[in-house]
Every structure is written in structure tokens, then in C-alpha cells.
file start37.cif (mmCIF, C-alpha atoms)
data_work
#
loop_
_atom_site.label_atom_id
_atom_site.label_comp_id
_atom_site.auth_asym_id
_atom_site.auth_seq_id
_atom_site.Cartn_x
_atom_site.Cartn_y
_atom_site.Cartn_z
CA MET A 197 95.41 107.31 142.21
CA ASN A 198 95.90 104.44 139.83
CA ARG A 199 99.62 103.65 139.39
CA LEU A 200 99.47 103.88 135.59
CA VAL A 201 97.72 107.25 135.73
CA LEU A 202 100.27 108.42 138.31
CA TRP A 203 103.14 107.32 136.04
CA PHE A 204 101.51 109.12 133.10
CA HIS A 205 101.25 112.35 135.10
CA ARG A 206 104.86 112.02 136.24
CA LEU A 207 105.92 111.53 132.61
CA GLY A 208 104.51 114.99 131.86
CA SER A 209 107.04 116.59 134.17
CA PRO A 210 110.08 117.78 132.17
CA PRO A 211 112.91 116.50 134.45
CA TYR A 212 111.28 113.10 134.81
CA PHE A 213 110.69 112.82 131.06
CA TYR A 214 114.27 113.90 130.34
CA ARG A 215 115.68 111.10 132.47
CA PHE A 216 113.09 108.57 131.24
CA ALA A 217 113.83 109.31 127.56
CA GLY A 218 117.57 109.24 128.20
CA ARG A 219 117.32 105.75 129.70
CA TRP A 220 115.31 104.36 126.80
CA LEU A 221 117.13 106.03 123.89
CA PRO A 222 120.12 103.66 123.44
CA TRP A 223 117.88 100.61 123.66
CA LEU A 224 115.45 101.99 121.09
CA TYR A 225 118.26 102.91 118.67
CA ALA A 226 119.82 99.46 119.09
CA LEU A 227 116.48 97.73 118.53
CA ALA A 228 115.76 99.83 115.42
CA LEU A 229 119.23 99.12 114.01
CA LEU A 230 118.97 95.38 114.67
CA THR A 231 115.46 94.90 113.28
CA GLY A 232 116.28 97.21 110.38
CA ALA A 233 119.32 95.10 109.48
CA ILE A 234 117.29 91.88 109.71
CA GLY A 235 114.50 93.38 107.61
CA PHE A 236 116.82 94.69 104.89
CA TYR A 237 118.71 91.40 104.72
CA GLY A 238 115.40 89.56 104.40
CA GLY A 239 114.06 91.96 101.81
CA LEU A 240 117.12 92.55 99.67
CA VAL A 241 118.78 89.12 99.87
CA ILE A 242 116.44 86.35 101.05
CA ALA A 243 113.13 87.36 99.46
CA PRO A 244 112.61 85.98 95.93
CA ALA A 245 112.32 88.33 92.93
CA ASP A 246 108.88 89.32 91.71
CA TYR A 247 107.42 87.44 88.73
CA GLN A 248 106.83 90.62 86.74
CA GLN A 249 109.08 93.33 88.09
CA GLY A 250 112.11 91.20 88.89
CA ASP A 251 114.41 92.82 91.44
CA SER A 252 113.07 96.36 91.07
CA PHE A 253 110.14 95.48 93.34
CA ARG A 254 112.61 95.46 96.28
CA ILE A 255 112.39 99.24 96.52
CA LEU A 256 109.08 98.64 98.29
CA TYR A 257 111.08 97.63 101.36
CA VAL A 258 112.06 101.28 101.68
CA HIS A 259 109.02 102.88 100.08
CA VAL A 260 106.21 101.15 101.96
CA PRO A 261 107.54 101.43 105.56
CA CYS A 262 108.34 105.09 104.90
CA ALA A 263 104.88 105.70 103.47
CA TRP A 264 103.28 104.09 106.52
CA MET A 265 105.51 106.17 108.80
CA SER A 266 104.65 109.39 106.97
CA LEU A 267 101.01 108.84 107.97
CA PHE A 268 101.81 107.51 111.44
CA ALA A 269 104.11 110.43 112.26
CA TYR A 270 101.43 112.87 111.16
CA ALA A 271 98.80 111.16 113.31
CA PHE A 272 101.22 111.19 116.26
CA MET A 273 101.96 114.88 115.69
CA ALA A 274 98.28 115.79 115.44
CA GLY A 275 97.37 113.69 118.49
CA ASN A 276 99.98 115.47 120.59
CA GLY A 277 98.88 118.77 119.05
CA PHE A 278 95.34 118.09 120.21
CA VAL A 279 96.52 117.42 123.77
CA ALA A 280 98.69 120.56 123.60
CA LEU A 281 95.77 122.72 122.49
CA VAL A 282 93.23 121.49 125.03
CA TRP A 283 95.35 120.71 128.10
CA ARG A 284 98.31 123.03 127.40
CA ILE A 285 100.79 120.34 128.37
CA LYS A 286 104.30 121.54 127.56
CA LEU A 287 105.58 118.08 126.77
CA ALA A 288 102.80 117.42 124.23
CA GLU A 289 103.76 120.61 122.37
CA LEU A 290 107.38 119.48 122.21
CA LEU A 291 106.50 115.93 121.14
CA ALA A 292 104.27 117.26 118.34
CA MET A 293 106.91 119.67 117.04
CA ALA A 294 109.68 117.07 117.36
CA SER A 295 107.83 114.63 115.09
CA ALA A 296 107.22 117.13 112.26
CA PRO A 297 110.70 117.06 110.61
CA ILE A 298 110.93 113.28 111.03
CA GLY A 299 107.55 112.82 109.38
CA ALA A 300 108.55 115.22 106.61
CA ALA A 301 111.71 113.19 106.00
CA PHE A 302 109.72 109.95 105.77
CA THR A 303 107.29 111.62 103.33
CA PHE A 304 110.16 112.89 101.20
CA VAL A 305 111.77 109.43 101.04
CA THR A 306 108.36 107.97 100.12
CA LEU A 307 107.96 110.38 97.21
CA VAL A 308 111.53 109.94 95.95
CA THR A 309 111.59 106.13 96.12
CA GLY A 310 108.13 105.99 94.56
CA SER A 311 109.37 108.15 91.73
CA ILE A 312 112.48 105.99 91.18
CA TRP A 313 110.29 102.89 91.11
CA GLY A 314 107.67 104.55 88.90
CA LYS A 315 110.04 105.37 86.05
CA PRO A 316 110.93 101.78 85.05
CA THR A 317 107.62 100.24 86.13
CA TRP A 318 104.99 102.72 85.00
CA GLY A 319 107.09 104.63 82.49
CA THR A 320 106.95 108.00 84.26
CA TRP A 321 108.61 109.75 87.21
CA TRP A 322 105.45 111.51 88.28
CA THR A 323 101.76 111.65 87.50
CA TRP A 324 99.04 113.73 89.12
CA ASP A 325 96.92 110.87 90.34
CA ALA A 326 95.07 111.04 93.65
CA ARG A 327 97.54 108.97 95.71
CA LEU A 328 100.67 110.80 94.56
CA THR A 329 99.08 114.23 94.82
CA SER A 330 97.66 113.69 98.31
CA GLU A 331 101.06 112.40 99.53
CA LEU A 332 102.68 115.54 98.08
CA VAL A 333 100.07 117.64 99.94
CA LEU A 334 101.13 115.81 103.11
CA LEU A 335 104.73 116.92 102.54
CA PHE A 336 103.55 120.52 102.16
CA LEU A 337 101.47 120.20 105.35
CA TYR A 338 104.60 119.12 107.20
CA PHE A 339 106.48 122.08 105.70
CA GLY A 340 103.63 124.38 106.78
CA VAL A 341 103.73 123.08 110.35
CA ILE A 342 107.52 123.42 110.54
CA GLY A 343 107.44 126.87 108.93
CA LEU A 344 104.69 128.21 111.19
CA HIS A 345 106.52 126.89 114.24
CA GLN A 346 109.69 128.68 113.18
CA ALA A 347 107.90 131.92 112.27
CA ILE A 348 106.53 132.74 115.73
CA GLU A 349 109.05 133.88 118.30
CA ASP A 350 107.38 132.74 121.51
CA LEU A 351 108.10 128.99 121.57
CA ARG A 352 104.90 127.94 123.30
CA GLN A 353 102.62 130.10 121.17
CA ALA A 354 104.43 128.88 118.06
CA ALA A 355 103.87 125.26 119.08
CA ARG A 356 100.16 125.82 119.66
CA ALA A 357 99.64 127.62 116.34
CA ALA A 358 101.52 124.89 114.47
CA ALA A 359 99.60 122.21 116.38
CA PHE A 360 96.39 123.78 115.17
CA LEU A 361 97.54 123.62 111.55
CA ALA A 362 98.59 120.00 112.10
CA LEU A 363 95.12 119.18 113.43
CA VAL A 364 93.39 120.76 110.43
CA GLY A 365 95.63 118.75 108.10
CA VAL A 366 94.45 115.46 109.62
CA VAL A 367 91.66 115.36 107.01
CA ASN A 368 94.35 114.52 104.45
CA LEU A 369 95.18 111.19 106.15
CA PRO A 370 91.98 109.30 105.19
CA ILE A 371 92.20 110.89 101.74
CA ILE A 372 95.70 109.44 101.22
CA HIS A 373 94.68 106.06 102.56
CA TYR A 374 91.48 105.70 100.53
CA SER A 375 92.64 107.57 97.40
CA VAL A 376 93.32 104.27 95.61
CA VAL A 377 89.81 103.07 96.48
CA TRP A 378 87.80 106.21 95.77
CA TRP A 379 89.44 107.16 92.49
CA ASN A 380 90.92 105.43 89.47
CA THR A 381 94.62 105.95 90.10
CA LEU A 382 97.81 104.83 88.42
CA HIS A 383 99.05 103.81 91.87
CA GLN A 384 98.04 100.27 92.68
CA ALA A 385 95.56 99.41 95.41
CA GLN A 386 96.59 98.27 98.86
CA THR A 387 98.66 95.08 98.97
CA VAL A 388 98.98 94.45 102.70
CA ASN A 389 95.80 94.06 104.71
CA LEU A 390 95.91 93.85 108.49
CA LEU A 391 92.52 92.16 108.47
CA GLY A 392 92.16 89.61 105.72
CA GLU A 393 94.52 88.25 103.13
CA SER A 394 97.48 90.22 101.80
CA LYS A 395 98.21 90.06 98.09
CA ILE A 396 101.88 89.39 98.58
CA ASP A 397 103.75 86.13 99.00
CA ALA A 398 104.58 85.28 102.63
CA ARG A 399 108.32 85.10 101.82
CA MET A 400 108.16 88.70 100.57
CA LEU A 401 105.86 89.93 103.33
CA TRP A 402 107.81 89.14 106.50
CA PRO A 403 110.79 91.47 105.80
CA LEU A 404 108.31 94.26 105.09
CA LEU A 405 106.61 93.79 108.47
CA VAL A 406 109.99 93.62 110.26
CA LEU A 407 111.03 96.88 108.56
CA ALA A 408 107.71 98.49 109.48
CA PHE A 409 108.47 97.63 113.11
CA ALA A 410 112.03 98.96 112.78
CA THR A 411 110.89 102.30 111.34
CA HIS A 412 108.35 102.71 114.16
CA VAL A 413 111.02 102.10 116.78
CA TYR A 414 113.39 104.46 114.98
CA PHE A 415 110.66 107.12 114.87
CA PHE A 416 110.08 106.96 118.61
CA ALA A 417 113.82 107.00 119.35
CA SER A 418 114.24 110.03 117.12
CA VAL A 419 111.23 111.83 118.65
CA LEU A 420 112.54 111.19 122.18
CA ALA A 421 116.00 112.48 121.28
CA ARG A 422 114.63 115.64 119.65
CA THR A 423 112.19 116.24 122.51
CA ARG A 424 115.01 115.95 125.07
CA ALA A 425 117.00 118.61 123.23
CA ALA A 426 113.93 120.86 122.90
CA LEU A 427 113.16 120.43 126.61
CA LEU A 428 116.62 121.68 127.56
CA ALA A 429 116.21 124.73 125.30
CA LEU A 430 112.73 125.57 126.60
CA GLU A 431 113.60 125.07 130.27
CA SER A 432 117.12 126.46 130.10
CA GLY A 433 116.46 128.85 133.01
CA LYS A 434 114.94 126.22 135.31
CA ALA A 435 116.71 124.77 138.30
CA TRP A 436 116.73 121.17 137.06
CA VAL A 437 118.51 122.11 133.83
CA ARG A 438 121.06 124.18 135.77
CA ALA A 439 121.64 121.26 138.10
CA LEU A 440 122.10 119.05 135.07
CA VAL A 441 124.60 121.38 133.44
CA ALA A 442 126.38 122.47 136.65
CA PRO A 443 128.65 119.43 137.23
CA ALA A 444 129.94 119.78 133.69
CA THR A 445 130.70 123.50 133.93
CA GLU A 446 132.09 123.62 137.47
CA PRO A 447 135.48 122.05 136.77
CA ALA A 448 136.06 124.69 134.11
CA HIS A 449 135.82 127.40 136.77
CA GLY A 450 137.90 125.61 139.34
CA MET B 39 88.01 118.80 133.65
CA THR B 40 88.17 122.52 134.33
CA PRO B 41 85.72 124.83 132.52
CA THR B 42 88.57 126.44 130.52
CA ARG B 43 89.77 123.08 129.27
CA LYS B 44 86.22 122.06 128.47
CA ARG B 45 85.74 125.25 126.48
CA ARG B 46 88.99 124.67 124.57
CA LEU B 47 88.02 121.05 123.90
CA ILE B 48 84.67 122.14 122.46
CA ALA B 49 86.28 124.87 120.35
CA VAL B 50 88.92 122.54 118.90
CA GLY B 51 86.30 119.85 118.35
CA LEU B 52 84.02 122.24 116.46
CA VAL B 53 86.85 123.43 114.21
CA LEU B 54 87.81 119.83 113.44
CA LEU B 55 84.19 119.01 112.67
CA ALA B 56 83.94 121.96 110.28
CA VAL B 57 87.18 121.00 108.52
CA ALA B 58 86.09 117.36 108.24
CA ALA B 59 82.76 118.44 106.74
CA ALA B 60 84.49 120.72 104.24
CA ALA B 61 86.91 117.95 103.25
CA THR B 62 84.11 115.39 102.84
CA LEU B 63 82.16 117.74 100.57
CA THR B 64 85.29 118.42 98.51
CA VAL B 65 86.02 114.73 98.15
CA PHE B 66 82.45 114.04 97.02
CA ALA B 67 82.58 116.91 94.54
CA LEU B 68 85.92 115.71 93.17
CA GLY B 69 84.68 112.13 92.99
CA LYS B 70 81.99 113.31 90.61
CA TYR B 71 84.19 115.31 88.26
CA GLN B 72 87.76 114.25 88.81
CA THR B 73 88.45 111.18 86.71
CA TYR B 74 92.01 110.15 86.23
CA LEU B 75 91.08 107.80 83.41
CA TYR B 76 88.18 106.54 81.28
CA SER B 77 87.50 102.91 80.42
CA PRO B 78 86.79 101.85 76.80
CA SER B 79 83.09 101.38 77.70
CA GLU B 80 82.90 104.96 78.98
CA VAL B 81 84.69 106.27 75.88
CA LEU B 82 82.33 104.40 73.53
CA ALA B 83 79.36 105.68 75.55
CA GLY B 84 80.60 109.21 74.79
CA LYS B 85 81.55 110.09 78.36
CA ALA B 86 85.12 111.06 77.49
CA PRO B 87 85.73 114.65 76.34
CA ALA B 88 85.51 114.74 72.54
CA GLY B 89 88.36 116.46 70.72
CA ALA B 90 90.32 116.94 73.95
CA SER B 91 93.10 114.96 75.53
CA PHE B 92 92.14 112.38 78.17
CA ARG B 93 93.47 109.19 79.74
CA LEU B 94 92.30 105.77 78.67
CA GLY B 95 92.67 102.86 81.08
CA GLY B 96 92.24 99.17 80.50
CA VAL B 97 93.89 95.86 79.74
CA VAL B 98 95.92 95.24 76.58
CA LEU B 99 93.92 92.58 74.73
CA GLU B 100 95.80 89.32 74.26
CA HIS B 101 97.29 88.78 70.75
CA SER B 102 96.39 92.33 69.69
CA LEU B 103 99.87 93.91 69.76
CA GLN B 104 101.30 94.77 66.35
CA ARG B 105 104.69 96.42 65.89
CA ALA B 106 105.67 98.24 62.73
CA PRO B 107 108.84 96.58 61.37
CA ASP B 108 110.60 99.85 60.45
CA SER B 109 109.59 102.29 63.22
CA LEU B 110 108.62 102.55 66.89
CA LYS B 111 104.97 102.60 65.97
CA VAL B 112 102.81 100.06 67.79
CA ALA B 113 99.11 99.29 67.61
CA PHE B 114 97.10 97.34 70.14
CA VAL B 115 93.58 96.99 71.50
CA VAL B 116 92.61 98.14 75.00
CA THR B 117 89.69 96.38 76.60
CA ASP B 118 87.79 96.48 79.87
CA ARG B 119 86.44 92.99 79.01
CA PHE B 120 83.15 94.57 77.89
CA HIS B 121 84.18 96.88 75.06
CA GLU B 122 87.37 97.31 73.03
CA LEU B 123 89.16 100.31 71.62
CA PRO B 124 92.09 100.29 69.15
CA VAL B 125 95.11 102.34 70.25
CA GLU B 126 98.08 103.70 68.28
CA TYR B 127 101.34 104.79 69.85
CA THR B 128 104.79 105.78 68.64
CA GLY B 129 107.55 105.51 71.20
CA ILE B 130 109.17 103.29 73.79
CA LEU B 131 106.82 101.23 75.93
CA PRO B 132 107.48 100.76 79.70
CA ASP B 133 108.97 97.50 81.02
CA LEU B 134 105.72 96.20 82.39
CA PHE B 135 103.84 96.71 79.13
CA ARG B 136 102.60 93.34 77.88
CA GLU B 137 99.43 91.74 76.64
CA GLY B 138 97.02 91.10 79.49
CA GLN B 139 98.54 93.94 81.55
CA SER B 140 96.68 97.08 82.65
CA ILE B 141 97.83 100.33 81.06
CA VAL B 142 96.95 104.00 81.17
CA ALA B 143 97.32 105.84 77.86
CA THR B 144 97.12 109.62 77.41
CA GLY B 145 95.99 110.97 74.07
CA ARG B 146 92.89 111.77 72.03
CA LEU B 147 90.33 110.07 69.86
CA ASP B 148 90.81 110.23 66.12
CA HIS B 149 88.11 108.58 63.99
CA GLY B 150 87.39 105.83 66.49
CA ARG B 151 91.07 105.14 67.18
CA PHE B 152 92.81 106.35 70.29
CA VAL B 153 96.08 108.04 69.38
CA ALA B 154 98.30 107.95 72.48
CA ARG B 155 101.21 110.24 73.16
CA GLU B 156 102.10 108.54 76.45
CA VAL B 157 101.58 104.95 77.56
CA LEU B 158 102.03 104.02 81.24
CA ALA B 159 101.86 100.51 82.63
CA LYS B 160 99.65 100.13 85.67
CA HIS B 161 100.94 97.70 88.22
CA ASP B 162 98.50 95.66 90.28
CA GLU B 163 98.82 95.05 94.01
CA THR B 164 99.95 91.42 93.66
CA TYR B 165 103.53 90.47 94.44
CA MET B 166 104.74 86.88 94.09
CA PRO B 167 107.89 84.97 93.14
CA LYS B 168 108.21 83.66 89.59
CA GLU B 169 107.78 80.00 90.52
CA VAL B 170 104.46 80.79 92.24
CA ALA B 171 103.24 82.68 89.17
CA ASP B 172 104.33 79.76 86.97
CA ALA B 173 102.55 77.27 89.22
CA ILE B 174 99.35 79.32 89.07
CA ALA B 175 99.59 79.56 85.28
CA LYS B 176 100.20 75.82 85.05
CA ALA B 177 97.22 75.04 87.30
CA LYS B 178 95.02 77.34 85.21
CA ALA B 179 96.17 75.69 81.99
CA ALA B 180 95.54 72.24 83.45
CA GLN B 181 92.08 73.29 84.56
CA ALA B 182 91.28 74.71 81.13
CA HIS B 183 92.56 71.48 79.55
CA SER B 184 90.44 69.20 81.73
CA ALA B 185 87.37 71.38 81.21
CA ARG B 186 87.65 70.98 77.47
#
call {"tool": "encode", "arguments": {"input": "start37.cif", "output": "C-alpha cells"}}
result
Amino acid sequence: MNRLVLWFHRLGSPPYFYRFAGRWLPWLYALALLTGAIGFYGGLVIAPADYQQGDSFRILYVHVPCAWMSLFAYAFMAGNGFVALVWRIKLAELLAMASAPIGAAFTFVTLVTGSIWGKPTWGTWWTWDARLTSELVLLFLYFGVIGLHQAIEDLRQAARAAAFLALVGVVNLPIIHYSVVWWNTLHQAQTVNLLGESKIDARMLWPLLVLAFATHVYFFASVLARTRAALLALESGKAWVRALVAPATEPAHG
Amino acid sequence: MTPTRKRRLIAVGLVLLAVAAAATLTVFALGKYQTYLYSPSEVLAGKAPAGASFRLGGVVLEHSLQRAPDSLKVAFVVTDRFHELPVEYTGILPDLFREGQSIVATGRLDHGRFVAREVLAKHDETYMPKEVADAIAKAKAAQAHSAR
């Protein structure tokens, strides 16, 4: 078998994944912290003020990476949910469910920072335009996934039911992304284009991209940490977990 | 792939397909009826609901803003660069409100004037430092000067 495929199959085994994630976690957290610090310094201190909004535009350094992550986390959750539904891989179920609260948090921060920015800039905290409404629907989808997962007692059945809901909600992702194109919205159109020219000065753009990287790394670190904890809970009766816990409990007896 | 997995894959795929189709139809249906705002051209063509509240979107025409000296009442003209519509508003305008800026006003038509009860500034997707904006304005002015 191909070495990469072999590694991928090994990664699906709970004890292997537990050790693998444990090795990577500190590095991922450190990388997220470092790039996050660089990005915030660049965005809040180095980048020049906007010609119209002045300094209040700087909230985009929180708002935009979080908004991107709210979509990315959902896609990641749904992708793992798909694998969990078709191949019944335990690890995919855990990864999907671990990303739901993180994605919900990113969505919440997106909505709150957008609201704080909207009041001075637009003149209102909230308006029911297509972009804002579809992002709010995304938050409710996350809540639905989390709630459904909590409502069913059997952990594996709960994960599959919630994964199904997550998959159905995927239709909201293109709606959020294209809402500013399809409808006349109060929310402005897309500023940063991966292909083609971005409508933001290069001195303002680089901290945003650094922060986008930092939030991605943070997301993966957080997912790995949550998945490790969920693995221990799900496999608490298995030999590898007992072996893991045993050295810590033995001295207490002796 | 085992037959069970294949069956599950097909089942999940079919459900996703059905949901995607339902969403697409909904989006198309909304696109037809759901309008967040109307432009002055659409209002003058009678597309906006008469006698009901709706949102008007457009650019504040340059040199059209008039403030009442003794109250918060302001009057200005909203244009989409094809047609113009006079707007009245009493209240505090948002920071980004200025001539040449896009706005969204909520209110109703009253004898050819749009009486707004809320005025929101629409921000565009461009972000640049002040000196870049100044340089662009200067270049534009120079170009206009040499063209004359």
C-alpha cells in the first residue's frame, strides 16, 4: 500500500490519533499565538488608517478572519460528517462534532464585531439584509447541530444524526458567500479576491492574511484538543485508554 | 467499496442533491421578489410599492445637501446617475454620510419626495490610506484640468 494511504489509515485508529494530536498540539498553539500577535500588531499598529472610516476600519482584522473561519469550520464539519455517514469512521464523527462549537464561536464573534462596526459606519446595529441574515442562519445551524448531538444519548448515533443536519446546512455556505452578489445588500461586496485584484491597500492587506492563517492554525489546534478529549470519553473502556490512565492512578493505590 | 458503503453514499448523495435543488429554487424565487432596496430609476418607473414603506438606495448627489438652520431636518437628492429623487430626513446622519457616498434610506413616497425615517450609509468594498485617496483625487483633478 502507498505510504501516504497507509499513514491515513493509521491516523483513523484512536490510539495513534491521540498520540499524533498530542505531539502536534503545542506547536500549533505556539504558531497560532505567534502569527496572531504579528497579525494584530500589523493590523492595529502598523497599518495606516482608512481614508473614510479612520481607525474604526481596524475591526475588520477580527471580523473578516472570523467570518472566513465560520464558513471554513462549517465546511470542515460537514466534510467530516459526510465521511462519518458513509464510512462510519469514529474519528470523523468526533472531528465533525469537535468543530461545531468552535465554528459557532467564530460565527458569534463575526456577528458581534459586524454589529459594533455597523453602528458608527452604517448607522444601525442590525439590518435584515441577505448577508447578515444568512450568517445568522449559520449560527442557528451550528446551534442545531450542537443541540441535536446533545439530545441523543448514544454518542455514535448522536454524531451521525448531527452530521446529517450539518450536511443539509451546507447549502447555506454558497448563499452566504454570494449573498452580496445576488442581492442588493447593505453589506459591502467582497474586498479580498484570491484570484484577481483585491480592493484593499497592500499595507492593510498583509496583516489580514496573516491573521487568516493564524485563525486557521488555531482552529485546527482547538479541534485536535477537543477531539482528543472526546476520544478518551468515547473509548474510556478500551485497553489503550486504561493503559494511558494506569500509570497515573497506580501510585495512588500503592 | 463495500455494497453497504456504496448504498449509504448513494443515499446521502441523493439527499444532498434534493436539498441543493430545493435551496436553488428558493434562492431563485427570493431573487425575484426579495429586494432589499429600490434605485431611483425603479421608483420613478413605479416598481416600488406605492403608499407603503420601502428602502431607497443610491448615491447622494454632489452639492445637493441642504440643512435646516434651526432643526435636524436635512434635504438631499439621491441618484443612481440615471434618475434623481429628492429625499427629506429629520435626525442624525451616520458618520459615513456625505455627498457622493452610497446610502440606503427607509421611508415612503410623499408627492414625489421620499420622506425617510432612517438613513444608513452604505460602505463600499474599497479600503485605502488617506494619502492614497488624496493622490487619486489629485490625479483625477489634474486629468480633468488637462482635459479642459
call {"tool": "closest_residue", "arguments": {"input": "start37.cif", "among": "A:Ala355, A:Leu334, A:Leu256, A:Ile372", "to": "Ala280 of chain A", "atoms": "only C-alpha atoms"}}
result
A:Ala355
call {"tool": "closest_atom_pairs", "arguments": {"input": "start37.cif", "of": "chain B", "to": "chain A", "cutoff": "6 Å", "atoms": "all atoms listed in the file", "output": "JSON lines"}}
result
{"residue": "B:Arg43", "atom": "CA", "partner": "A:Val282", "partner_atom": "CA", "distance": 5.7}
{"residue": "B:Arg46", "atom": "CA", "partner": "A:Val282", "partner_atom": "CA", "distance": 5.3}
{"residue": "B:Leu47", "atom": "CA", "partner": "A:Val282", "partner_atom": "CA", "distance": 5.3}
{"residue": "B:Tyr74", "atom": "CA", "partner": "A:Asn380", "partner_atom": "CA", "distance": 5.8}
{"residue": "B:Pro132", "atom": "CA", "partner": "A:Gly319", "partner_atom": "CA", "distance": 4.8}
{"residue": "B:Asp133", "atom": "CA", "partner": "A:Thr317", "partner_atom": "CA", "distance": 6.0}
{"residue": "B:Leu134", "atom": "CA", "partner": "A:Thr317", "partner_atom": "CA", "distance": 5.8}
{"residue": "B:Leu158", "atom": "CA", "partner": "A:Trp318", "partner_atom": "CA", "distance": 5.0}
{"residue": "B:Ala159", "atom": "CA", "partner": "A:Trp318", "partner_atom": "CA", "distance": 4.5}
{"residue": "B:Lys160", "atom": "CA", "partner": "A:Leu382", "partner_atom": "CA", "distance": 5.7}
{"residue": "B:His161", "atom": "CA", "partner": "A:Gln384", "partner_atom": "CA", "distance": 5.9}
{"residue": "B:Asp162", "atom": "CA", "partner": "A:Gln384", "partner_atom": "CA", "distance": 5.2}
{"residue": "B:Glu163", "atom": "CA", "partner": "A:Thr387", "partner_atom": "CA", "distance": 5.0}
{"residue": "B:Thr164", "atom": "CA", "partner": "A:Lys395", "partner_atom": "CA", "distance": 4.9}
{"residue": "B:Tyr165", "atom": "CA", "partner": "A:Ile396", "partner_atom": "CA", "distance": 4.6}
{"residue": "B:Met166", "atom": "CA", "partner": "A:Asp397", "partner_atom": "CA", "distance": 5.1}
{"residue": "B:Pro167", "atom": "CA", "partner": "A:Asp246", "partner_atom": "CA", "distance": 4.7}
{"residue": "B:Lys168", "atom": "CA", "partner": "A:Tyr247", "partner_atom": "CA", "distance": 4.0}
call {"tool": "resolve_selection", "arguments": {"input": "start37.cif", "expression": "the PyMOL selection byres ((chain B and resi 93) around 8)", "output": "ChimeraX atom specification"}}
result
/B:74-76,91-92,94-95,142-145
call {"tool": "resolve_selection", "arguments": {"input": "start37.cif", "expression": "the PyMOL selection byres ((chain A and resi 405-419) around 8)", "output": "VMD selection string"}}
result
chain A and resid 221 224 to 225 227 to 229 231 to 232 234 to 236 257 261 to 262 264 to 265 269 291 294 to 295 298 401 to 404 420 to 423
call {"tool": "resolve_selection", "arguments": {"input": "start37.cif", "expression": "the PyMOL selection byres ((chain B and resi 89) around 7)", "output": "list in words"}}
result
Pro87, Ala88, Ala90, Ser91, Arg146 and Leu147 of chain B
call {"tool": "atom_distance", "arguments": {"input": "start37.cif", "atom1": "atom CA of Asp108 of chain B", "atom2": "atom CA of Gly150 of chain B"}}
result
24.7 Å
call {"tool": "atom_distance", "arguments": {"input": "start37.cif", "atom1": "atom CA of Val333 of chain A", "atom2": "atom CA of Ile348 of chain A"}}
result
22.8 Å
call {"tool": "build_atoms", "arguments": {"input": "start37.cif", "residues": "segment 62-68 of chain B", "atoms": "all heavy atoms", "output": "mmCIF file, in the frame of the given file"}}
result
data_model
loop_
_atom_site.group_PDB
_atom_site.id
_atom_site.type_symbol
_atom_site.label_atom_id
_atom_site.label_comp_id
_atom_site.auth_asym_id
_atom_site.auth_seq_id
_atom_site.Cartn_x
_atom_site.Cartn_y
_atom_site.Cartn_z
ATOM 1 N N THR B 62 85.010 116.415 103.376
ATOM 2 C CA THR B 62 84.110 115.390 102.840
ATOM 3 C C THR B 62 83.378 115.911 101.604
ATOM 4 O O THR B 62 83.273 115.220 100.593
ATOM 5 C CB THR B 62 83.084 114.984 103.923
ATOM 6 O OG1 THR B 62 83.774 114.812 105.154
ATOM 7 C CG2 THR B 62 82.376 113.714 103.539
ATOM 8 N N LEU B 63 82.872 117.154 101.708
ATOM 9 C CA LEU B 63 82.160 117.740 100.570
ATOM 10 C C LEU B 63 83.083 117.861 99.361
ATOM 11 O O LEU B 63 82.696 117.554 98.230
ATOM 12 C CB LEU B 63 81.606 119.114 100.943
ATOM 13 C CG LEU B 63 80.445 119.077 101.935
ATOM 14 C CD1 LEU B 63 80.035 120.476 102.332
ATOM 15 C CD2 LEU B 63 79.260 118.334 101.331
ATOM 16 N N THR B 64 84.336 118.284 99.603
ATOM 17 C CA THR B 64 85.290 118.420 98.510
ATOM 18 C C THR B 64 85.555 117.084 97.844
ATOM 19 O O THR B 64 85.554 116.970 96.620
ATOM 20 C CB THR B 64 86.625 119.001 99.034
ATOM 21 O OG1 THR B 64 86.329 120.083 99.901
ATOM 22 C CG2 THR B 64 87.497 119.462 97.903
ATOM 23 N N VAL B 65 85.743 116.058 98.691
ATOM 24 C CA VAL B 65 86.020 114.730 98.150
ATOM 25 C C VAL B 65 84.851 114.236 97.302
ATOM 26 O O VAL B 65 85.025 113.707 96.204
ATOM 27 C CB VAL B 65 86.330 113.736 99.285
ATOM 28 C CG1 VAL B 65 86.261 112.308 98.781
ATOM 29 C CG2 VAL B 65 87.702 114.018 99.868
ATOM 30 N N PHE B 66 83.627 114.463 97.791
ATOM 31 C CA PHE B 66 82.450 114.040 97.020
ATOM 32 C C PHE B 66 82.365 114.786 95.703
ATOM 33 O O PHE B 66 82.067 114.208 94.663
ATOM 34 C CB PHE B 66 81.174 114.250 97.836
ATOM 35 C CG PHE B 66 80.831 113.056 98.668
ATOM 36 C CD1 PHE B 66 81.004 113.080 100.040
ATOM 37 C CD2 PHE B 66 80.362 111.891 98.071
ATOM 38 C CE1 PHE B 66 80.711 111.962 100.813
ATOM 39 C CE2 PHE B 66 80.071 110.772 98.829
ATOM 40 C CZ PHE B 66 80.247 110.815 100.207
ATOM 41 N N ALA B 67 82.643 116.106 95.758
ATOM 42 C CA ALA B 67 82.580 116.910 94.540
ATOM 43 C C ALA B 67 83.637 116.453 93.540
ATOM 44 O O ALA B 67 83.365 116.306 92.347
ATOM 45 C CB ALA B 67 82.798 118.382 94.882
ATOM 46 N N LEU B 68 84.851 116.176 94.041
ATOM 47 C CA LEU B 68 85.920 115.710 93.170
ATOM 48 C C LEU B 68 85.576 114.345 92.577
ATOM 49 O O LEU B 68 85.791 114.102 91.396
ATOM 50 C CB LEU B 68 87.238 115.600 93.952
ATOM 51 C CG LEU B 68 88.005 116.886 94.185
ATOM 52 C CD1 LEU B 68 89.252 116.589 94.984
ATOM 53 C CD2 LEU B 68 88.383 117.507 92.853
#
